[in-house]
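Everything below belongs to structure.csv, which stores CSV, C-alpha atoms and all ligand atoms.
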```
chain,number,residue,atom,x,y,z
A,29,MET,CA,36.6,-48.8,98.5
A,30,THR,CA,34.6,-46.0,100.2
A,31,SER,CA,36.0,-44.4,103.4
A,32,TYR,CA,33.4,-43.4,106.0
A,33,LYS,CA,34.8,-39.9,106.0
A,34,GLU,CA,33.7,-39.5,102.4
A,35,LEU,CA,30.2,-40.1,103.6
A,36,GLY,CA,30.5,-37.5,106.4
A,37,LEU,CA,30.5,-40.1,109.2
A,38,VAL,CA,32.7,-40.5,112.3
A,39,ASN,CA,34.0,-43.5,114.2
A,40,THR,CA,33.2,-44.1,117.9
A,41,LYS,CA,36.6,-43.1,119.4
A,42,GLU,CA,35.9,-39.5,120.5
A,43,LEU,CA,32.2,-40.1,121.1
A,44,PHE,CA,33.0,-42.9,123.6
A,45,LYS,CA,35.7,-40.9,125.4
A,46,LYS,CA,33.3,-38.0,126.0
A,47,ALA,CA,30.4,-40.3,126.9
A,48,VAL,CA,32.5,-42.2,129.6
A,49,SER,CA,33.8,-39.0,131.2
A,50,GLY,CA,30.5,-37.2,130.8
A,51,GLY,CA,28.4,-40.1,132.4
A,52,TYR,CA,26.0,-40.6,129.5
A,53,ALA,CA,25.5,-43.2,126.7
A,54,ILE,CA,25.4,-42.8,123.0
A,55,PRO,CA,22.2,-44.3,121.5
A,56,ALA,CA,22.7,-47.1,119.0
A,57,TYR,CA,19.4,-47.5,117.1
A,58,ASN,CA,18.9,-50.2,114.5
A,59,PHE,CA,17.5,-49.2,111.1
A,60,ASN,CA,16.3,-51.1,108.0
A,61,ASN,CA,14.3,-48.5,106.1
A,62,MET,CA,13.8,-44.9,105.3
A,63,GLU,CA,11.2,-44.1,107.9
A,64,GLN,CA,13.3,-45.5,110.7
A,65,MET,CA,16.3,-43.5,109.5
A,66,GLN,CA,14.4,-40.3,109.2
A,67,SER,CA,12.9,-40.6,112.7
A,68,ILE,CA,16.3,-41.3,114.3
A,69,ILE,CA,17.9,-38.3,112.6
A,70,GLN,CA,14.9,-36.0,113.4
A,71,ALA,CA,15.0,-37.0,117.0
A,72,CYS,CA,18.8,-36.7,117.4
A,73,VAL,CA,19.0,-33.4,115.6
A,74,GLU,CA,16.2,-31.9,117.7
A,75,THR,CA,17.7,-33.2,121.0
A,76,LYS,CA,21.3,-32.4,119.7
A,77,SER,CA,22.5,-36.0,120.4
A,78,PRO,CA,25.3,-37.9,118.7
A,79,VAL,CA,24.0,-41.2,117.3
A,80,ILE,CA,25.1,-44.6,116.1
A,81,LEU,CA,23.0,-45.9,113.2
A,82,GLN,CA,23.2,-49.7,113.4
A,83,VAL,CA,22.8,-52.2,110.6
A,84,SER,CA,22.5,-55.9,111.3
A,85,SER,CA,23.4,-58.5,108.7
A,86,GLY,CA,19.7,-59.2,108.4
A,87,ALA,CA,19.2,-55.5,107.6
A,88,ARG,CA,21.8,-55.6,104.9
A,89,LYS,CA,20.1,-58.6,103.3
A,90,TYR,CA,16.7,-56.9,103.6
A,91,ALA,CA,17.5,-53.4,102.4
A,92,ASN,CA,20.7,-53.9,100.3
A,93,GLN,CA,24.1,-52.8,101.4
A,94,ASN,CA,24.5,-50.0,98.8
A,95,ILE,CA,21.1,-48.5,99.7
A,96,LEU,CA,21.9,-48.6,103.4
A,97,LYS,CA,25.3,-47.0,102.8
A,98,ASN,CA,23.8,-44.2,100.8
A,99,MET,CA,21.1,-43.8,103.4
A,100,ALA,CA,23.8,-43.1,105.9
A,101,ARG,CA,25.2,-40.5,103.6
A,102,GLY,CA,21.7,-39.1,103.2
A,103,ALA,CA,21.4,-39.1,107.0
A,104,VAL,CA,24.4,-36.8,107.3
A,105,GLU,CA,23.0,-34.5,104.7
A,106,TYR,CA,19.5,-34.6,106.2
A,107,ALA,CA,20.8,-33.6,109.7
A,108,HIS,CA,22.7,-30.7,108.0
A,109,GLU,CA,19.5,-29.7,106.2
A,110,LEU,CA,17.6,-29.8,109.5
A,111,GLY,CA,20.0,-27.3,110.8
A,112,TYR,CA,22.4,-29.1,113.1
A,113,ASP,CA,25.4,-31.3,112.3
A,114,ILE,CA,25.4,-34.1,114.8
A,115,PRO,CA,28.1,-36.8,114.8
A,116,ILE,CA,26.8,-39.9,113.0
A,117,VAL,CA,28.4,-43.4,113.2
A,118,LEU,CA,27.5,-46.2,110.7
A,119,HIS,CA,28.0,-49.4,112.7
A,120,LEU,CA,27.7,-53.1,111.8
A,121,ASP,CA,25.7,-54.8,114.5
A,122,HIS,CA,26.6,-58.4,115.4
A,123,GLY,CA,29.1,-59.1,112.6
A,124,ASP,CA,29.6,-62.8,112.6
A,125,SER,CA,32.6,-63.2,110.3
A,126,PHE,CA,35.9,-61.5,109.3
A,127,GLU,CA,34.6,-61.3,105.7
A,128,LEU,CA,31.4,-59.5,106.6
A,129,CYS,CA,33.4,-57.0,108.7
A,130,LYS,CA,35.9,-56.5,105.9
A,131,ASP,CA,33.1,-55.9,103.4
A,132,CYS,CA,31.5,-53.3,105.7
A,133,ILE,CA,34.8,-51.6,106.3
A,134,GLU,CA,35.4,-51.3,102.6
A,135,THR,CA,31.9,-49.9,101.9
A,136,GLY,CA,31.8,-47.0,104.3
A,137,PHE,CA,31.1,-48.3,107.8
A,138,SER,CA,32.9,-46.3,110.4
A,139,SER,CA,32.6,-49.0,113.1
A,140,VAL,CA,32.0,-52.7,113.2
A,141,MET,CA,31.1,-55.3,115.8
A,142,ILE,CA,32.7,-58.7,115.6
A,143,ASP,CA,30.5,-61.0,117.7
A,144,GLY,CA,32.7,-63.9,118.7
A,145,SER,CA,30.8,-64.4,121.9
A,146,HIS,CA,29.5,-67.9,120.8
A,147,LEU,CA,33.1,-69.2,120.1
A,148,SER,CA,35.5,-70.5,122.6
A,149,TYR,CA,37.5,-67.8,124.4
A,150,ASP,CA,40.7,-68.4,122.3
A,151,GLU,CA,38.7,-68.4,119.0
A,152,ASN,CA,36.9,-65.2,120.1
A,153,VAL,CA,40.3,-63.6,120.8
A,154,ALA,CA,41.8,-64.7,117.5
A,155,LEU,CA,38.8,-63.5,115.4
A,156,THR,CA,38.4,-60.2,117.2
A,157,LYS,CA,42.1,-59.5,116.9
A,158,LYS,CA,42.1,-60.2,113.2
A,159,VAL,CA,39.2,-57.8,112.6
A,160,CYS,CA,40.9,-55.1,114.8
A,161,GLU,CA,44.1,-55.4,112.8
A,162,LEU,CA,42.3,-54.8,109.6
A,163,ALA,CA,40.0,-52.0,110.9
A,164,HIS,CA,42.7,-50.1,112.7
A,165,SER,CA,45.1,-50.2,109.7
A,166,GLN,CA,42.7,-48.4,107.4
A,167,LYS,CA,43.7,-44.9,106.3
A,168,ASP,CA,40.7,-43.7,108.3
A,169,TYR,CA,40.7,-45.7,111.6
A,170,VAL,CA,37.6,-47.9,111.9
A,171,THR,CA,36.6,-48.7,115.4
A,172,VAL,CA,35.7,-52.3,116.6
A,173,GLU,CA,33.3,-53.6,119.2
A,174,GLY,CA,34.0,-57.1,120.6
A,175,GLU,CA,31.8,-59.2,123.0
A,176,LEU,CA,32.5,-61.3,126.0
A,177,GLY,CA,29.7,-63.3,127.6
A,178,VAL,CA,26.5,-64.4,125.9
A,179,LEU,CA,23.1,-62.8,125.8
A,180,ALA,CA,20.0,-64.9,125.8
A,181,GLY,CA,17.6,-64.3,122.9
A,182,VAL,CA,17.3,-64.7,119.1
A,183,GLU,CA,18.8,-62.6,116.3
A,184,ASP,CA,19.2,-63.5,112.7
A,185,ASP,CA,22.6,-65.1,112.9
A,186,VAL,CA,23.3,-65.3,116.6
A,187,SER,CA,21.0,-67.0,119.0
A,188,SER,CA,21.2,-68.6,122.4
A,189,GLU,CA,18.7,-70.0,124.8
A,190,HIS,CA,20.7,-69.1,128.0
A,191,SER,CA,22.8,-66.2,128.9
A,192,HIS,CA,26.3,-66.5,130.3
A,193,TYR,CA,27.4,-63.4,132.3
A,194,THR,CA,30.7,-61.8,131.3
A,195,GLN,CA,33.5,-63.0,133.5
A,196,PRO,CA,35.4,-59.9,134.9
A,197,SER,CA,38.5,-62.0,135.2
A,198,GLU,CA,38.7,-62.3,131.4
A,199,VAL,CA,38.3,-58.7,130.3
A,200,VAL,CA,41.9,-57.4,130.8
A,201,ASP,CA,43.3,-60.2,128.8
A,202,PHE,CA,40.7,-59.9,126.1
A,203,VAL,CA,41.0,-56.2,125.6
A,204,GLY,CA,44.8,-56.4,125.8
A,205,LYS,CA,45.2,-59.2,123.2
A,206,THR,CA,42.5,-58.0,120.7
A,207,LYS,CA,42.9,-54.2,121.0
A,208,VAL,CA,39.2,-53.7,120.7
A,209,ASP,CA,37.9,-50.1,121.0
A,210,SER,CA,34.8,-51.1,123.1
A,211,LEU,CA,33.5,-54.2,124.8
A,212,ALA,CA,29.9,-55.6,124.8
A,213,ILE,CA,29.1,-57.4,128.1
A,214,SER,CA,26.4,-59.7,129.4
A,215,ILE,CA,24.9,-58.6,132.7
A,216,GLY,CA,21.3,-59.8,132.3
A,217,THR,CA,20.0,-57.9,129.3
A,218,SER,CA,18.8,-59.9,126.3
A,219,HIS,CA,17.5,-59.4,122.8
A,220,GLY,CA,13.9,-59.1,121.7
A,221,ARG,CA,10.6,-58.2,123.4
A,222,ALA,CA,10.4,-61.1,125.9
A,223,LYS,CA,13.7,-60.7,127.8
A,224,PHE,CA,12.9,-63.0,130.7
A,225,LYS,CA,10.7,-66.0,131.2
A,226,PRO,CA,7.7,-65.3,133.4
A,227,GLU,CA,9.1,-67.6,136.1
A,228,GLN,CA,12.2,-65.4,136.3
A,229,CYS,CA,10.0,-62.3,137.1
A,230,THR,CA,7.6,-61.2,139.7
A,231,ARG,CA,4.2,-59.5,138.9
A,232,ASP,CA,2.9,-56.1,140.1
A,233,ALA,CA,-0.7,-55.6,141.3
A,234,ASN,CA,-1.9,-55.3,137.6
A,235,GLY,CA,-0.2,-58.5,136.7
A,236,ILE,CA,2.5,-56.8,134.7
A,237,LEU,CA,5.8,-58.7,134.7
A,238,ILE,CA,8.7,-57.1,136.8
A,239,PRO,CA,12.1,-58.4,135.6
A,240,PRO,CA,15.0,-59.4,137.8
A,241,PRO,CA,17.5,-56.5,138.2
A,242,LEU,CA,20.6,-56.3,136.0
A,243,ARG,CA,23.9,-57.5,137.5
A,244,PHE,CA,25.4,-54.2,138.4
A,245,ASP,CA,27.9,-56.0,140.6
A,246,ILE,CA,29.4,-57.6,137.5
A,247,LEU,CA,29.5,-54.3,135.7
A,248,GLU,CA,31.3,-52.7,138.7
A,249,GLU,CA,33.8,-55.5,138.8
A,250,ILE,CA,34.5,-55.1,135.1
A,251,GLU,CA,35.0,-51.3,135.5
A,252,LYS,CA,37.5,-52.0,138.2
A,253,GLN,CA,39.5,-54.3,135.9
A,254,ILE,CA,39.5,-51.9,132.9
A,255,PRO,CA,38.8,-48.4,134.3
A,256,GLY,CA,37.3,-46.0,131.9
A,257,PHE,CA,37.2,-48.5,129.0
A,258,PRO,CA,34.0,-48.1,126.8
A,259,ILE,CA,31.4,-50.7,127.7
A,260,VAL,CA,28.4,-51.6,125.5
A,261,LEU,CA,25.0,-52.9,126.5
A,262,HIS,CA,23.0,-54.9,123.9
A,263,GLY,CA,19.4,-56.0,124.4
A,264,SER,CA,18.5,-52.7,126.1
A,265,SER,CA,14.9,-52.1,125.0
A,266,SER,CA,12.4,-51.3,127.8
A,267,VAL,CA,9.5,-52.9,125.9
A,268,PRO,CA,7.0,-50.1,126.9
A,269,ILE,CA,3.8,-51.7,128.1
A,270,GLU,CA,1.7,-49.0,126.3
A,271,TYR,CA,2.9,-50.3,122.9
A,272,VAL,CA,2.3,-53.9,123.9
A,273,HIS,CA,-1.2,-53.0,125.0
A,274,MET,CA,-1.8,-51.0,121.8
A,275,ILE,CA,-0.6,-53.8,119.6
A,276,GLU,CA,-2.9,-56.3,121.4
A,277,LYS,CA,-5.8,-53.9,121.3
A,278,TYR,CA,-5.6,-53.7,117.5
A,279,GLY,CA,-5.3,-57.5,117.0
A,280,GLY,CA,-1.7,-58.4,117.8
A,281,LYS,CA,-0.6,-61.0,120.4
A,282,LEU,CA,2.6,-60.4,122.3
A,283,THR,CA,2.4,-62.7,125.3
A,284,ASP,CA,4.8,-62.3,128.3
A,285,SER,CA,6.5,-59.2,126.9
A,286,VAL,CA,9.1,-57.7,129.3
A,287,GLY,CA,12.1,-55.4,128.9
A,288,ILE,CA,14.7,-53.6,130.9
A,289,PRO,CA,13.3,-50.8,133.2
A,290,GLU,CA,14.4,-47.3,132.2
A,291,GLU,CA,15.8,-46.5,135.7
A,292,GLN,CA,18.3,-49.4,135.3
A,293,LEU,CA,19.4,-48.1,131.9
A,294,ARG,CA,19.7,-44.6,133.4
A,295,LYS,CA,22.0,-46.0,136.0
A,296,ALA,CA,24.0,-47.9,133.5
A,297,ALA,CA,24.4,-44.8,131.2
A,298,LYS,CA,26.1,-43.0,134.1
A,299,SER,CA,28.8,-45.7,134.4
A,300,ALA,CA,31.4,-46.7,131.8
A,301,VAL,CA,28.5,-48.0,129.6
A,302,CYS,CA,28.7,-45.6,126.7
A,303,LYS,CA,26.7,-47.3,124.0
A,304,ILE,CA,23.2,-48.7,124.6
A,305,ASN,CA,21.5,-50.8,121.8
A,306,ILE,CA,17.8,-50.3,121.1
A,307,ASP,CA,15.9,-52.0,118.3
A,308,SER,CA,12.9,-53.8,119.7
A,309,ASP,CA,11.3,-50.7,121.2
A,310,GLY,CA,11.3,-49.1,117.7
A,311,ARG,CA,9.7,-52.2,116.2
A,312,LEU,CA,7.0,-52.1,118.9
A,313,ALA,CA,6.2,-48.4,118.3
A,314,MET,CA,6.1,-48.8,114.6
A,315,THR,CA,3.9,-51.9,114.7
A,316,ALA,CA,1.5,-50.3,117.3
A,317,LEU,CA,0.9,-47.3,115.1
A,318,ILE,CA,0.6,-49.3,111.9
A,319,ARG,CA,-2.0,-51.6,113.5
A,320,LYS,CA,-3.9,-48.7,114.9
A,321,ILE,CA,-4.2,-46.9,111.6
A,322,LEU,CA,-5.1,-50.0,109.7
A,323,VAL,CA,-7.9,-50.8,112.1
A,324,GLU,CA,-9.2,-47.3,112.6
A,325,LYS,CA,-9.1,-46.3,108.9
A,326,PRO,CA,-10.1,-49.4,107.0
A,327,ASP,CA,-10.3,-47.4,103.8
A,328,GLU,CA,-6.7,-46.1,104.0
A,329,PHE,CA,-4.4,-47.5,101.4
A,330,ASP,CA,-1.7,-44.8,101.0
A,331,PRO,CA,1.5,-46.1,102.7
A,332,ARG,CA,2.5,-42.6,103.6
A,333,LYS,CA,-0.6,-42.2,105.7
A,334,ILE,CA,0.2,-45.5,107.4
A,335,LEU,CA,3.9,-45.2,107.8
A,336,GLY,CA,3.9,-41.4,108.5
A,337,PRO,CA,2.2,-41.6,111.9
A,338,ALA,CA,4.5,-44.6,112.7
A,339,ARG,CA,7.5,-42.4,111.9
A,340,ASP,CA,6.2,-39.6,114.1
A,341,GLU,CA,5.8,-42.0,117.0
A,342,LEU,CA,9.3,-43.4,116.5
A,343,LYS,CA,10.7,-39.9,116.7
A,344,LYS,CA,8.9,-39.3,120.0
A,345,LEU,CA,10.3,-42.5,121.3
A,346,TYR,CA,13.9,-41.8,120.3
A,347,SER,CA,13.7,-38.2,121.7
A,348,HIS,CA,12.5,-39.5,125.0
A,349,LYS,CA,15.4,-42.0,125.2
A,350,ASN,CA,18.0,-39.4,124.4
A,351,GLN,CA,16.5,-36.9,126.9
A,352,ASN,CA,15.3,-39.0,129.7
A,353,VAL,CA,17.2,-42.3,129.7
A,354,LEU,CA,20.6,-42.2,128.0
A,355,GLY,CA,21.5,-38.6,128.8
A,356,SER,CA,22.8,-38.0,125.3
A,357,ALA,CA,20.7,-35.0,124.6
A,358,GLY,CA,22.7,-31.8,124.3
A,359,ARG,CA,26.0,-33.7,123.9
A,360,ALA,CA,26.4,-33.2,120.1
A,401,LIG,O1,20.4,-57.5,118.1
A,401,LIG,C1,19.8,-57.6,117.0
A,401,LIG,C2,19.1,-56.5,116.5
A,401,LIG,O2,17.8,-56.4,117.1
A,401,LIG,C3,18.9,-56.7,115.0
A,401,LIG,O3,17.9,-57.7,114.7
A,401,LIG,O4,19.1,-59.2,113.1
A,401,LIG,O5,16.6,-59.1,113.2
A,401,LIG,O6,17.9,-57.2,112.3
A,401,LIG,P1,17.9,-58.4,113.2
A,402,LIG,P1,16.8,-55.0,121.8
A,402,LIG,O1,16.2,-56.3,121.2
A,402,LIG,O2,16.6,-55.0,123.3
A,402,LIG,O3,16.2,-53.8,121.2
A,402,LIG,O4,18.4,-55.0,121.6
A,402,LIG,C1,18.9,-54.6,120.3
A,402,LIG,C2,20.3,-54.9,120.2
A,402,LIG,O5,21.0,-55.3,121.1
A,402,LIG,C3,20.9,-54.7,118.9
A,402,LIG,O6,22.2,-55.2,118.8
A,403,ZN,ZN,22.6,-56.9,120.1
```
Mind turning the file's structure into structure tokens?
Ligand code: G3H
Ligand code: 13P
Ligand code: ZN
Amino acid sequence: MTSYKELGLVNTKELFKKAVSGGYAIPAYNFNNMEQMQSIIQACVETKSPVILQVSSGARKYANQNILKNMARGAVEYAHELGYDIPIVLHLDHGDSFELCKDCIETGFSSVMIDGSHLSYDENVALTKKVCELAHSQKDYVTVEGELGVLAGVEDDVSSEHSHYTQPSEVVDFVGKTKVDSLAISIGTSHGRAKFKPEQCTRDANGILIPPPLRFDILEEIEKQIPGFPIVLHGSSSVPIEYVHMIEKYGGKLTDSVGIPEEQLRKAAKSAVCKINIDSDGRLAMTALIRKILVEKPDEFDPRKILGPARDELKKLYSHKNQNVLGSAGRA
């Protein structure tokens, strides 16, 4: 049994309280390897931003749970070495079972998500409540994120063709019965790099897809029901067109890519939305730079010369998000 405090991590409780009252969102960046972790920490230290390091079940399988746990410990020490101790959360992203959440709680996670959004309402309540009882009874309180409503898109263990918006009429009951610390909602975001079908979008003069707006009316209704309660947005990558073009210029093919425009995320971050999940944008930045180097320097075979520039680009991307989109810069 490892408590997250031994690793130098914090849970989300205080961070969310400050983010909701301060009108900004904490970045939740997914990581699977060393370069991603280094770039997240570099960017968050330089911009003095708190950060949530997210691990999906796919990431645990890919990188090994012990390695990821020790990378989180390393992240805390790395921030210290870089000269500024930012609050760092280690969070399980899209936990799909009680057992997985329990395992993470026992191996140093300071926060877990139990994603029962694909279950019936009553089953979602029962599972989420069970995870909360375990997480909250730890010597060091572990925070829990639940989800109501279904996002479209595909992840490793959770996938859905169609989204179902969160019903504001359910949130008071769900939060009251489960005792979750934060609630992920569905208001039109979705996972991955193609968040909408072309037929759901319009096109600008250059043929670039313009997505339909997020359902801020649903968000406002939810905020009225549970004032000040921490809300989470998944599927919040913007899918920068520059990276899509770069990937395609160097041999990739990412047809019909479209994300959530930054101004909508800026607006969401000012509301009770206090955690914004971003994974795909990092994947795009990394892939774009790797493709560029491999094409432009065909004789290069040192992984450091290939992954190093990708890491630098990731850092730029995360700094930009913290400073210009989420408003988390200067809040650590
Ligand atoms: O929401 C899912 C995240 O993008 C993680 O994706 O399950 O492929 O690691 P993954
Ligand atoms: P994106 O695919 O939009 O980056 O969403 C990531 C996410 O929600 C992780 O849980
Ligand atoms: Zn997600």
Exercise. Do you know which residues are within 10 Å of ligand ZN 403 (chain A) using only C-alpha atoms and all ligand atoms? Can you write them as number ranges by chain?
Worked result: A: 56, 58, 82, 84, 121-122, 141, 143, 175, 179, 181-183, 186, 212, 217-220, 260-264, 304-307
Output C-alpha atoms for every residue in the selection just made, as a PDB file, in the frame of the given file.
```
ATOM      1  CA  ALA A  56      22.700 -47.100 119.000  1.00  0.00           C
ATOM      2  CA  ASN A  58      18.900 -50.200 114.500  1.00  0.00           C
ATOM      3  CA  GLN A  82      23.200 -49.700 113.400  1.00  0.00           C
ATOM      4  CA  SER A  84      22.500 -55.900 111.300  1.00  0.00           C
ATOM      5  CA  ASP A 121      25.700 -54.800 114.500  1.00  0.00           C
ATOM      6  CA  HIS A 122      26.600 -58.400 115.400  1.00  0.00           C
ATOM      7  CA  MET A 141      31.100 -55.300 115.800  1.00  0.00           C
ATOM      8  CA  ASP A 143      30.500 -61.000 117.700  1.00  0.00           C
ATOM      9  CA  GLU A 175      31.800 -59.200 123.000  1.00  0.00           C
ATOM     10  CA  LEU A 179      23.100 -62.800 125.800  1.00  0.00           C
ATOM     11  CA  GLY A 181      17.600 -64.300 122.900  1.00  0.00           C
ATOM     12  CA  VAL A 182      17.300 -64.700 119.100  1.00  0.00           C
ATOM     13  CA  GLU A 183      18.800 -62.600 116.300  1.00  0.00           C
ATOM     14  CA  VAL A 186      23.300 -65.300 116.600  1.00  0.00           C
ATOM     15  CA  ALA A 212      29.900 -55.600 124.800  1.00  0.00           C
ATOM     16  CA  THR A 217      20.000 -57.900 129.300  1.00  0.00           C
ATOM     17  CA  SER A 218      18.800 -59.900 126.300  1.00  0.00           C
ATOM     18  CA  HIS A 219      17.500 -59.400 122.800  1.00  0.00           C
ATOM     19  CA  GLY A 220      13.900 -59.100 121.700  1.00  0.00           C
ATOM     20  CA  VAL A 260      28.400 -51.600 125.500  1.00  0.00           C
ATOM     21  CA  LEU A 261      25.000 -52.900 126.500  1.00  0.00           C
ATOM     22  CA  HIS A 262      23.000 -54.900 123.900  1.00  0.00           C
ATOM     23  CA  GLY A 263      19.400 -56.000 124.400  1.00  0.00           C
ATOM     24  CA  SER A 264      18.500 -52.700 126.100  1.00  0.00           C
ATOM     25  CA  ILE A 304      23.200 -48.700 124.600  1.00  0.00           C
ATOM     26  CA  ASN A 305      21.500 -50.800 121.800  1.00  0.00           C
ATOM     27  CA  ILE A 306      17.800 -50.300 121.100  1.00  0.00           C
ATOM     28  CA  ASP A 307      15.900 -52.000 118.300  1.00  0.00           C
TER      29      ASP A 307
END
```
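The gap separating atom CA of A:Glu276 from atom O1 of ligand LIG 402 (chain A) is 19.1 Å, in Å to one decimal.
Look at A:Gly144: the protein and nucleic acid residues within 8 Å of it, using only C-alpha atoms and passing over chain neighbours fewer than 4 places away, are Asp124, Glu151, Asn152, Val153, Leu155, Thr156, Gly174, Glu175 and Leu176 of chain A.
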Selected residues written out, C-alpha atoms, as a PDB file, keeping the file's coordinate frame:
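Result file follows (out-v9.pdb):
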```
ATOM      1  CA  ASP A 124      29.600 -62.800 112.600  1.00  0.00           C
ATOM      2  CA  GLU A 151      38.700 -68.400 119.000  1.00  0.00           C
ATOM      3  CA  ASN A 152      36.900 -65.200 120.100  1.00  0.00           C
ATOM      4  CA  VAL A 153      40.300 -63.600 120.800  1.00  0.00           C
ATOM      5  CA  LEU A 155      38.800 -63.500 115.400  1.00  0.00           C
ATOM      6  CA  THR A 156      38.400 -60.200 117.200  1.00  0.00           C
ATOM      7  CA  GLY A 174      34.000 -57.100 120.600  1.00  0.00           C
ATOM      8  CA  GLU A 175      31.800 -59.200 123.000  1.00  0.00           C
ATOM      9  CA  LEU A 176      32.500 -61.300 126.000  1.00  0.00           C
TER      10      LEU A 176
END
```
Just the residues within 9 Å of stretch 248-251 of chain A, please, counting all atoms listed in the file, with nothing from its chain fewer than 3 positions along; format it as a PDB file with C-alpha atoms, keeping the file's coordinate frame.
```pdb
ATOM      1  CA  THR A 194      30.700 -61.800 131.300  1.00  0.00           C
ATOM      2  CA  GLN A 195      33.500 -63.000 133.500  1.00  0.00           C
ATOM      3  CA  PRO A 196      35.400 -59.900 134.900  1.00  0.00           C
ATOM      4  CA  SER A 197      38.500 -62.000 135.200  1.00  0.00           C
ATOM      5  CA  VAL A 199      38.300 -58.700 130.300  1.00  0.00           C
ATOM      6  CA  VAL A 200      41.900 -57.400 130.800  1.00  0.00           C
ATOM      7  CA  ARG A 243      23.900 -57.500 137.500  1.00  0.00           C
ATOM      8  CA  PHE A 244      25.400 -54.200 138.400  1.00  0.00           C
ATOM      9  CA  ASP A 245      27.900 -56.000 140.600  1.00  0.00           C
ATOM     10  CA  ILE A 254      39.500 -51.900 132.900  1.00  0.00           C
ATOM     11  CA  PRO A 255      38.800 -48.400 134.300  1.00  0.00           C
ATOM     12  CA  GLY A 256      37.300 -46.000 131.900  1.00  0.00           C
ATOM     13  CA  PHE A 257      37.200 -48.500 129.000  1.00  0.00           C
ATOM     14  CA  ILE A 259      31.400 -50.700 127.700  1.00  0.00           C
ATOM     15  CA  SER A 299      28.800 -45.700 134.400  1.00  0.00           C
ATOM     16  CA  ALA A 300      31.400 -46.700 131.800  1.00  0.00           C
TER      17      ALA A 300
END
```
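With distances taken over only C-alpha atoms, A:Ser210 is the one residue among A:Asp330, A:Asn94, A:Ser210, A:Leu293 lying closest to A:Glu42.
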Exercise. Between A:Lys349, A:Arg339, A:Lys223, A:His119, which one has atoms that come closest to A:Ile288, using only C-alpha atoms?
Worked result: A:Lys223
For this session: For atom CA of A:Val353 and atom CA of A:Ala297, quote the distance in Å rounded to one decimal.
Result: 7.8 Å
For this session: Would you list the contacts of A:Ala71 as a list in words, taking every protein, DNA or RNA residue within 8 Å and counting all atoms listed in the file, but skipping same-chain residues closer than 4 positions in sequence?
Result: Ser67, Thr75, Lys343, Lys344, Tyr346 and Ser347 of chain A
